[in-house]
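So this one's work_14.cif, mmCIF, C-alpha atoms:
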data_run
loop_
_atom_site.group_PDB
_atom_site.id
_atom_site.type_symbol
_atom_site.label_atom_id
_atom_site.label_comp_id
_atom_site.auth_asym_id
_atom_site.auth_seq_id
_atom_site.Cartn_x
_atom_site.Cartn_y
_atom_site.Cartn_z
ATOM 1 C CA MET A 67 175.781 -152.772 135.664
ATOM 2 C CA HIS A 68 177.381 -149.378 135.029
ATOM 3 C CA ALA A 69 178.394 -148.325 131.567
ATOM 4 C CA PRO A 70 182.136 -147.686 131.305
ATOM 5 C CA GLN A 71 182.896 -144.061 132.090
ATOM 6 C CA ARG A 72 184.453 -141.886 129.466
ATOM 7 C CA THR A 73 187.739 -140.426 130.623
ATOM 8 C CA PHE A 74 189.241 -137.051 129.787
ATOM 9 C CA THR A 75 192.756 -135.755 130.203
ATOM 10 C CA PRO A 76 192.967 -131.979 130.795
ATOM 11 C CA ARG A 77 194.177 -131.649 127.205
ATOM 12 C CA GLN A 78 191.194 -133.597 125.838
ATOM 13 C CA LEU A 79 188.836 -131.550 127.976
ATOM 14 C CA ARG A 80 190.192 -128.322 126.491
ATOM 15 C CA ARG A 81 188.680 -129.247 123.104
ATOM 16 C CA TYR A 82 185.181 -128.799 124.548
ATOM 17 C CA ASP A 83 185.446 -125.044 124.912
ATOM 18 C CA GLY A 84 181.931 -124.153 123.727
ATOM 19 C CA LYS A 85 183.247 -121.990 120.897
ATOM 20 C CA HIS A 86 182.194 -122.099 117.217
ATOM 21 C CA GLY A 87 179.433 -124.620 117.885
ATOM 22 C CA ARG A 88 181.608 -127.013 119.900
ATOM 23 C CA ALA A 89 180.171 -128.572 123.049
ATOM 24 C CA ALA A 90 180.951 -126.889 126.380
ATOM 25 C CA TYR A 91 182.282 -129.283 129.032
ATOM 26 C CA VAL A 92 183.574 -128.347 132.449
ATOM 27 C CA ALA A 93 185.125 -130.480 135.166
ATOM 28 C CA CYS A 94 184.594 -130.177 138.894
ATOM 29 C CA ASN A 95 185.808 -132.549 141.602
ATOM 30 C CA GLY A 96 186.848 -135.076 138.956
ATOM 31 C CA ILE A 97 183.500 -135.194 137.147
ATOM 32 C CA VAL A 98 183.038 -133.802 133.637
ATOM 33 C CA TYR A 99 179.696 -132.128 132.907
ATOM 34 C CA ASP A 100 178.144 -131.041 129.622
ATOM 35 C CA VAL A 101 176.942 -127.462 130.159
ATOM 36 C CA SER A 102 176.324 -126.755 126.453
ATOM 37 C CA ARG A 103 172.614 -126.179 127.011
ATOM 38 C CA SER A 104 173.043 -123.758 129.878
ATOM 39 C CA TYR A 105 172.145 -120.125 129.260
ATOM 40 C CA HIS A 106 175.037 -119.199 131.525
ATOM 41 C CA TRP A 107 177.622 -120.942 129.339
ATOM 42 C CA GLN A 108 176.783 -119.360 125.995
ATOM 43 C CA THR A 109 179.927 -119.020 123.861
ATOM 44 C CA GLY A 110 181.767 -121.173 126.407
ATOM 45 C CA ILE A 111 182.226 -118.350 128.881
ATOM 46 C CA HIS A 112 180.526 -118.048 132.248
ATOM 47 C CA TRP A 113 180.299 -114.746 134.113
ATOM 48 C CA VAL A 114 183.079 -113.233 131.990
ATOM 49 C CA GLN A 115 185.850 -115.072 133.866
ATOM 50 C CA HIS A 116 185.261 -118.806 133.613
ATOM 51 C CA ARG A 117 186.041 -120.844 130.511
ATOM 52 C CA ALA A 118 184.565 -124.121 129.287
ATOM 53 C CA GLY A 119 187.071 -126.902 128.642
ATOM 54 C CA CYS A 120 188.676 -126.398 132.039
ATOM 55 C CA ASP A 121 188.777 -127.948 135.482
ATOM 56 C CA LEU A 122 186.861 -125.458 137.628
ATOM 57 C CA THR A 123 187.324 -127.186 140.981
ATOM 58 C CA ALA A 124 189.501 -124.422 142.409
ATOM 59 C CA GLU A 125 187.367 -121.625 140.946
ATOM 60 C CA MET A 126 184.235 -123.189 142.415
ATOM 61 C CA THR A 127 185.418 -122.345 145.920
ATOM 62 C CA HIS A 128 184.979 -118.646 145.075
ATOM 63 C CA ALA A 129 181.688 -119.044 143.207
ATOM 64 C CA PRO A 130 178.408 -117.645 144.553
ATOM 65 C CA HIS A 131 176.929 -121.157 144.271
ATOM 66 C CA GLY A 132 177.937 -124.692 145.160
ATOM 67 C CA SER A 133 179.142 -127.478 142.881
ATOM 68 C CA ASP A 134 175.727 -129.114 143.378
ATOM 69 C CA LEU A 135 174.412 -126.709 140.741
ATOM 70 C CA LEU A 136 176.370 -128.685 138.141
ATOM 71 C CA GLU A 137 174.270 -131.749 138.922
ATOM 72 C CA ARG A 138 171.525 -130.140 136.820
ATOM 73 C CA PHE A 139 173.657 -130.983 133.774
ATOM 74 C CA PRO A 140 174.530 -134.340 132.193
ATOM 75 C CA ARG A 141 177.647 -136.088 133.488
ATOM 76 C CA VAL A 142 179.738 -137.095 130.489
ATOM 77 C CA GLY A 143 182.779 -138.644 132.132
ATOM 78 C CA VAL A 144 185.622 -138.271 134.573
ATOM 79 C CA LEU A 145 188.739 -136.171 134.504
ATOM 80 C CA ILE A 146 191.980 -138.096 134.904
ATOM 81 C CA PRO A 147 194.034 -136.363 137.579
ATOM 82 C CA LYS A 148 197.510 -135.226 136.535
ATOM 83 C CA THR A 149 199.206 -137.325 139.236
ATOM 84 C CA HIS A 150 197.467 -140.478 138.031
ATOM 85 C CA ARG A 151 198.699 -139.882 134.497
ATOM 86 C CA THR A 152 202.241 -139.302 135.742
ATOM 87 C CA ASP A 153 202.202 -142.513 137.769
ATOM 88 C CA THR A 154 200.871 -144.484 134.815
ATOM 89 C CA ALA A 155 203.514 -143.004 132.531
ATOM 90 C CA ARG A 156 206.275 -143.746 135.073
ATOM 91 C CA ARG A 157 205.136 -147.374 135.433
ATOM 92 C CA SER A 158 205.079 -147.922 131.687
ATOM 93 C CA ASN A 159 208.549 -146.354 131.388
ATOM 94 C CA THR A 160 209.895 -148.746 134.072
ATOM 95 C CA SER A 161 208.497 -151.802 132.335
ATOM 96 C CA ASP A 162 210.137 -150.803 129.027
ATOM 97 C CA MET B 261 185.171 -91.354 131.864
ATOM 98 C CA ALA B 262 186.373 -90.599 135.389
ATOM 99 C CA LYS B 263 190.054 -91.153 134.615
ATOM 100 C CA VAL B 264 191.456 -91.185 138.133
ATOM 101 C CA ALA B 265 188.511 -93.194 139.458
ATOM 102 C CA ARG B 266 189.295 -95.916 136.917
ATOM 103 C CA GLU B 267 193.010 -95.702 137.644
ATOM 104 C CA MET B 268 192.379 -96.240 141.362
ATOM 105 C CA VAL B 269 190.354 -99.353 140.665
ATOM 106 C CA GLU B 270 193.019 -100.722 138.304
ATOM 107 C CA LYS B 271 195.753 -100.030 140.835
ATOM 108 C CA ALA B 272 193.785 -101.930 143.454
ATOM 109 C CA GLY B 273 194.110 -105.012 141.245
ATOM 110 C CA VAL B 274 190.685 -105.179 139.631
ATOM 111 C CA ASN B 275 190.495 -106.145 135.955
ATOM 112 C CA VAL B 276 188.355 -103.159 134.963
ATOM 113 C CA ASP B 277 187.461 -104.485 131.506
ATOM 114 C CA GLN B 278 186.127 -107.704 133.031
ATOM 115 C CA LEU B 279 184.275 -105.733 135.697
ATOM 116 C CA LEU B 280 182.721 -103.506 133.034
ATOM 117 C CA GLU B 281 181.548 -106.530 131.076
ATOM 118 C CA LEU B 282 179.886 -107.865 134.216
ATOM 119 C CA LEU B 283 178.253 -104.506 134.963
ATOM 120 C CA VAL B 284 176.901 -104.209 131.408
ATOM 121 C CA LYS B 285 175.576 -107.788 131.485
ATOM 122 C CA ASN B 286 173.862 -107.123 134.792
ATOM 123 C CA ALA B 287 172.464 -103.796 133.579
ATOM 124 C CA SER B 288 171.004 -105.755 130.672
ATOM 125 C CA ALA B 289 169.548 -108.333 133.061
ATOM 126 C CA GLU B 290 167.847 -105.539 135.019
ATOM 127 C CA LEU B 291 166.296 -103.816 132.025
ATOM 128 C CA THR B 292 165.196 -107.034 130.338
ATOM 129 C CA THR B 293 163.752 -108.282 133.626
ATOM 130 C CA TYR B 294 161.834 -105.003 133.924
ATOM 131 C CA TYR B 295 160.371 -105.718 130.491
ATOM 132 C CA TYR B 296 159.519 -109.380 131.126
ATOM 133 C CA TYR B 297 158.118 -108.619 134.588
ATOM 134 C CA THR B 298 155.738 -106.158 132.916
ATOM 135 C CA ILE B 299 154.246 -109.089 131.007
ATOM 136 C CA LEU B 300 154.243 -111.342 134.073
ATOM 137 C CA ARG B 301 152.547 -108.693 136.178
ATOM 138 C CA ALA B 302 149.871 -108.153 133.546
ATOM 139 C CA ASN B 303 149.115 -111.878 133.681
ATOM 140 C CA LEU B 304 149.015 -112.140 137.457
ATOM 141 C CA ILE B 305 145.251 -112.174 137.624
ATOM 142 C CA GLY B 306 142.506 -114.091 139.372
ATOM 143 C CA LEU B 307 142.298 -115.083 143.018
ATOM 144 C CA GLU B 308 145.878 -116.350 143.245
ATOM 145 C CA GLY B 309 147.496 -113.951 140.818
ATOM 146 C CA GLU B 310 146.182 -110.756 142.378
ATOM 147 C CA GLY B 311 147.946 -111.592 145.638
ATOM 148 C CA LEU B 312 151.283 -111.538 143.835
ATOM 149 C CA LYS B 313 150.727 -108.562 141.604
ATOM 150 C CA GLU B 314 151.868 -105.940 144.079
ATOM 151 C CA ILE B 315 155.187 -107.586 144.943
ATOM 152 C CA ALA B 316 155.852 -108.316 141.276
ATOM 153 C CA GLU B 317 155.295 -104.624 140.620
ATOM 154 C CA ALA B 318 157.679 -103.563 143.419
ATOM 155 C CA ALA B 319 160.357 -105.925 142.083
ATOM 156 C CA ARG B 320 159.754 -104.675 138.536
ATOM 157 C CA ILE B 321 160.189 -101.013 139.469
ATOM 158 C CA GLU B 322 163.246 -101.738 141.592
ATOM 159 C CA ASP B 323 164.881 -103.705 138.784
ATOM 160 C CA ARG B 324 164.453 -100.706 136.514
ATOM 161 C CA ASN B 325 166.008 -98.560 139.254
ATOM 162 C CA HIS B 326 168.961 -100.957 139.337
ATOM 163 C CA PHE B 327 169.507 -100.394 135.644
ATOM 164 C CA GLU B 328 169.392 -96.627 136.188
ATOM 165 C CA ALA B 329 171.849 -96.855 139.067
ATOM 166 C CA LEU B 330 174.322 -99.098 137.197
ATOM 167 C CA MET B 331 174.492 -96.988 134.058
ATOM 168 C CA PRO B 332 176.524 -94.044 135.440
ATOM 169 C CA ARG B 333 179.108 -96.377 136.991
ATOM 170 C CA ILE B 334 179.612 -98.104 133.630
ATOM 171 C CA TYR B 335 180.437 -94.783 131.963
ATOM 172 C CA GLU B 336 182.555 -93.540 134.876
ATOM 173 C CA LEU B 337 184.801 -96.561 134.469
ATOM 174 C CA GLY B 338 185.154 -95.987 130.726
ATOM 175 C CA GLY B 339 182.545 -98.472 129.532
ATOM 176 C CA LYS B 340 179.399 -97.977 127.483
ATOM 177 C CA LEU B 341 176.076 -99.593 126.754
ATOM 178 C CA PRO B 342 175.795 -101.422 123.406
ATOM 179 C CA ASP B 343 174.446 -99.309 120.536
ATOM 180 C CA SER B 344 171.871 -101.956 119.692
ATOM 181 C CA MET B 345 169.033 -102.803 122.052
ATOM 182 C CA VAL B 346 168.945 -106.297 120.510
ATOM 183 C CA ASP B 347 172.619 -106.863 121.367
ATOM 184 C CA PHE B 348 171.984 -105.497 124.842
ATOM 185 C CA HIS B 349 169.136 -107.943 125.403
ATOM 186 C CA ASN B 350 171.185 -110.899 124.189
ATOM 187 C CA ILE B 351 174.135 -110.352 126.542
ATOM 188 C CA SER B 352 171.998 -110.385 129.672
ATOM 189 C CA ALA B 353 173.614 -112.004 132.696
ATOM 190 C CA CYS B 354 170.381 -113.872 133.368
ATOM 191 C CA PRO B 355 167.976 -115.816 131.154
ATOM 192 C CA PRO B 356 164.810 -114.003 130.036
ATOM 193 C CA ALA B 357 162.069 -114.181 132.687
ATOM 194 C CA LYS B 358 159.508 -115.262 130.124
ATOM 195 C CA LEU B 359 155.831 -115.864 130.728
ATOM 196 C CA PRO B 360 155.272 -119.616 131.228
ATOM 197 C CA ALA B 361 153.471 -121.586 128.503
ATOM 198 C CA ASN B 362 150.434 -121.722 130.782
ATOM 199 C CA PRO B 363 150.051 -118.187 132.188
ATOM 200 C CA SER B 364 147.363 -119.308 134.616
ATOM 201 C CA ASP B 365 149.851 -121.636 136.332
ATOM 202 C CA ILE B 366 150.772 -119.411 139.264
ATOM 203 C CA ARG B 367 153.409 -121.811 140.582
ATOM 204 C CA ALA B 368 155.178 -121.721 137.206
ATOM 205 C CA MET B 369 154.991 -117.907 137.289
ATOM 206 C CA LEU B 370 156.500 -117.856 140.768
ATOM 207 C CA THR B 371 159.279 -120.202 139.669
ATOM 208 C CA VAL B 372 160.203 -117.815 136.838
ATOM 209 C CA LEU B 373 160.197 -114.884 139.259
ATOM 210 C CA VAL B 374 162.249 -116.588 141.962
ATOM 211 C CA GLU B 375 164.794 -117.962 139.461
ATOM 212 C CA ALA B 376 165.293 -114.470 138.038
ATOM 213 C CA GLU B 377 165.931 -113.091 141.514
ATOM 214 C CA ARG B 378 168.286 -115.936 142.404
ATOM 215 C CA CYS B 379 170.326 -115.275 139.293
ATOM 216 C CA ALA B 380 170.573 -111.622 140.331
ATOM 217 C CA VAL B 381 171.565 -112.506 143.899
ATOM 218 C CA ARG B 382 174.407 -114.679 142.570
ATOM 219 C CA GLY B 383 175.465 -112.001 140.109
ATOM 220 C CA TYR B 384 175.741 -109.170 142.616
ATOM 221 C CA THR B 385 177.373 -111.413 145.190
ATOM 222 C CA HIS B 386 179.994 -112.147 142.542
ATOM 223 C CA ILE B 387 180.521 -108.426 141.841
ATOM 224 C CA CYS B 388 180.738 -107.676 145.573
ATOM 225 C CA ASN B 389 183.351 -110.419 145.954
ATOM 226 C CA LEU B 390 185.404 -108.997 143.078
ATOM 227 C CA THR B 391 185.303 -105.417 144.298
ATOM 228 C CA ALA B 392 185.352 -105.719 148.103
ATOM 229 C CA GLY B 393 188.134 -103.583 149.545
ATOM 230 C CA LYS B 394 189.251 -102.568 146.038
ATOM 231 C CA ASP B 395 186.574 -100.644 144.187
ATOM 232 C CA HIS B 396 184.592 -98.998 146.954
ATOM 233 C CA ARG B 397 182.061 -97.229 144.749
ATOM 234 C CA THR B 398 181.114 -100.261 142.665
ATOM 235 C CA TYR B 399 181.033 -102.381 145.810
ATOM 236 C CA ASP B 400 178.679 -99.915 147.516
ATOM 237 C CA LEU B 401 176.389 -99.937 144.487
ATOM 238 C CA ALA B 402 176.447 -103.728 144.013
ATOM 239 C CA LEU B 403 175.777 -104.243 147.726
ATOM 240 C CA ALA B 404 172.803 -101.868 147.641
ATOM 241 C CA ILE B 405 171.352 -103.751 144.666
ATOM 242 C CA LEU B 406 172.112 -107.102 146.310
ATOM 243 C CA ASN B 407 170.141 -106.051 149.402
ATOM 244 C CA GLU B 408 167.081 -105.417 147.278
ATOM 245 C CA GLU B 409 167.483 -108.582 145.190
ATOM 246 C CA VAL B 410 167.679 -110.696 148.357
ATOM 247 C CA GLU B 411 164.396 -109.194 149.492
ATOM 248 C CA HIS B 412 162.767 -109.888 146.133
ATOM 249 C CA GLU B 413 163.885 -113.512 146.317
ATOM 250 C CA SER B 414 162.465 -113.752 149.839
ATOM 251 C CA TRP B 415 159.075 -112.406 148.843
ATOM 252 C CA PHE B 416 158.657 -114.895 146.002
ATOM 253 C CA SER B 417 160.151 -117.903 147.763
ATOM 254 C CA GLU B 418 157.672 -117.443 150.610
ATOM 255 C CA PHE B 419 154.815 -117.907 148.138
ATOM 256 C CA LEU B 420 156.474 -121.068 146.840
ATOM 257 C CA GLY B 421 156.163 -122.559 150.316
ATOM 258 C CA GLU B 422 159.873 -122.467 151.080
ATOM 259 C CA GLY B 423 159.248 -121.096 154.566
ATOM 260 C CA PRO B 424 158.952 -117.630 156.071
ATOM 261 C CA SER B 425 161.197 -114.936 154.630
ATOM 262 C CA GLY B 426 161.123 -112.669 157.661
ATOM 263 C CA HIS B 427 160.417 -109.738 155.346
ATOM 264 C CA PHE B 428 157.408 -107.544 154.899
ATOM 265 C CA MET B 429 156.151 -105.946 151.730
ATOM 266 C CA ARG B 430 157.678 -102.562 150.831
ATOM 267 C CA ARG B 431 156.204 -99.670 152.710
ATOM 268 C CA GLY B 432 156.660 -96.192 151.314
ATOM 269 C CA GLU B 433 159.226 -95.558 148.600
ATOM 270 C CA THR B 434 160.711 -98.290 146.429
ATOM 271 C CA SER B 435 164.472 -98.981 146.406
ATOM 272 C CA PRO B 436 165.323 -98.228 150.053
ATOM 273 C CA PHE B 437 168.942 -99.272 149.424
ATOM 274 C CA VAL B 438 169.550 -98.121 145.848
ATOM 275 C CA GLY B 439 167.608 -94.853 146.206
ATOM 276 C CA LYS B 440 170.735 -92.933 147.234
ATOM 277 C CA PHE B 441 172.272 -93.615 143.800
ATOM 278 C CA LEU B 442 169.249 -92.232 142.007
ATOM 279 C CA ARG B 443 168.996 -88.819 143.622
#

What do you get writing this file as C-alpha cells?
Amino acid sequence: MHAPQRTFTPRQLRRYDGKHGRAAYVACNGIVYDVSRSYHWQTGIHWVQHRAGCDLTAEMTHAPHGSDLLERFPRVGVLIPKTHRTDTARRSNTSD
Amino acid sequence: MAKVAREMVEKAGVNVDQLLELLVKNASAELTTYYYYTILRANLIGLEGEGLKEIAEAARIEDRNHFEALMPRIYELGGKLPDSMVDFHNISACPPAKLPANPSDIRAMLTVLVEAERCAVRGYTHICNLTAGKDHRTYDLALAILNEEVEHESWFSEFLGEGPSGHFMRRGETSPFVGKFLR
C-alpha cells in the first residue's frame, strides 16, 4: 500500500527556497524533490540562474543534464497543476 | 575592463553579471580541482594506482591551465576574483574532489575523478549554451575548455569499465585546445 502523497501548490512550493536554513525543494514533471543536501543547490540557487521553490520543468529542457538526475534525491510529493486547481475551484463555486 | 567588449555582450542579450558569476565559480572549480587532484595523484600508487597517475597529472595540469585561461576573461568583462581564497574555494561550481576515505580503493578514486570531470562538462556546456552566437570570445574559451574536459572524462570512464573512449593519452604539450589562450 502506498503512503498518501503530499501535495504542493506552486505557492506552497515557493516556501522551500533553500534560503536561511529552509529546505530546498524543486518540482519537475509534477514531482517535488528535496535537493537540500545537494552541493549544487547551496543557498537555494543552482548554476546562478535556477531557484529552489520553483517548477523547473521548462528550464530542464535547456539543462546540460536530464531530469533523471533528480532521481538521486528524495521525492517529497507532487505538484498540483494550475489547471487542476482551477477546475476544482470552478466545481466548488458551481456547487455553492 | 574592456568596456566595449562588455557592451557588445550585453547588447547581444547576455546577462553579463550572471555570466561573470558562472565564470568565477568555474574558475574556482578549476583551481580547487588542481589542488585536490594533487592529493589524489600523490595517492595513486601501487600496481593499479600507477597506471592512472599519468592521466591524473595531465588532467591536473590542464585544469590549472583552465583557471589561467578563464581569469583574463573575467576581468575583461568587468568581474574580479574574490579577495579571499577561502571564499573562492567555497563558491566552486563543483564539489571538492576529495581523497576517498580509503585511498587504496582505486575505484573510489576513479569515481571522484570522473564525477569532477562530469561536473565540468556540464558546466562548460551550460556556458557554451548561454553564449553561443552572442559572446563569441567567451564561447570560444568555454568550448576549448569543454573539449579538454570531455577528454578527461573519457580517460577516467574507460578505467571504470564504461567502454572504450576512443581517445589516447596526451602526446606532446598539454592543453591542445586551451593553449591558444595561454600564449

Note to self: Applying the PyMOL selection byres ((chain A and resi 128-135) around 8) to the file I just gave you, which residues come out? Please list them as an NGL selection string.
What the structure shows: (:A and (94 or 124-127 or 136-138)) or (:B and (382-383 or 385-386))

For the residues selected in the previous step, produce a file with C-alpha atoms as a PDB file, keeping the file's coordinate frame.
ATOM      1  CA  CYS A  94     184.594-130.177 138.894  1.00  0.00           C
ATOM      2  CA  ALA A 124     189.501-124.422 142.409  1.00  0.00           C
ATOM      3  CA  GLU A 125     187.367-121.625 140.946  1.00  0.00           C
ATOM      4  CA  MET A 126     184.235-123.189 142.415  1.00  0.00           C
ATOM      5  CA  THR A 127     185.418-122.345 145.920  1.00  0.00           C
ATOM      6  CA  LEU A 136     176.370-128.685 138.141  1.00  0.00           C
ATOM      7  CA  GLU A 137     174.270-131.749 138.922  1.00  0.00           C
ATOM      8  CA  ARG A 138     171.525-130.140 136.820  1.00  0.00           C
TER       9      ARG A 138
ATOM     10  CA  ARG B 382     174.407-114.679 142.570  1.00  0.00           C
ATOM     11  CA  GLY B 383     175.465-112.001 140.109  1.00  0.00           C
ATOM     12  CA  THR B 385     177.373-111.413 145.190  1.00  0.00           C
ATOM     13  CA  HIS B 386     179.994-112.147 142.542  1.00  0.00           C
TER      14      HIS B 386
END

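Near chain A, within 9 Å and counting all atoms listed in the file, the residues of chain B are Gln278, Leu279, Glu281, Leu282, Lys285, Ala353, Cys354, Pro355, Val381, Arg382, Gly383, Thr385, His386 and Asn389 of chain B.
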
Note to self: I want to know what sits within 9 Å of B:Gly439, based on only C-alpha atoms, with residues of the same chain fewer than 6 positions away left out; could you give that as a count of residues only?
What the structure shows: 4

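Using only C-alpha atoms, every residue with an atom at most 12 Å from the point (184.4, -130.4, 122.7) is listed here: Phe74, Pro76, Arg77, Gln78, Leu79, Arg80, Arg81, Tyr82, Asp83, Gly84, Lys85, His86, Gly87, Arg88, Ala89, Ala90, Tyr91, Val92, Val98, Tyr99, Asp100, Val101, Ser102, Gly110, Ala118, Gly119, Cys120 and Val142 of chain A.
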
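Close contacts of B:Leu304, defined as residues with an atom at most 9 Å away when counting all atoms listed in the file, with chain neighbours fewer than 5 positions off set aside, comprise Ile299, Gly309, Glu310, Gly311, Leu312, Lys313, Ala316, Pro363, Ser364, Ile366 and Met369 of chain B.
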
Next item on the list: Using the chain letters and numbers from the file, give me the residues hit by the PyMOL selection byres ((chain A and resi 73) around 8), as number ranges by chain.
Entry: A: 71-72, 74-75, 143-146
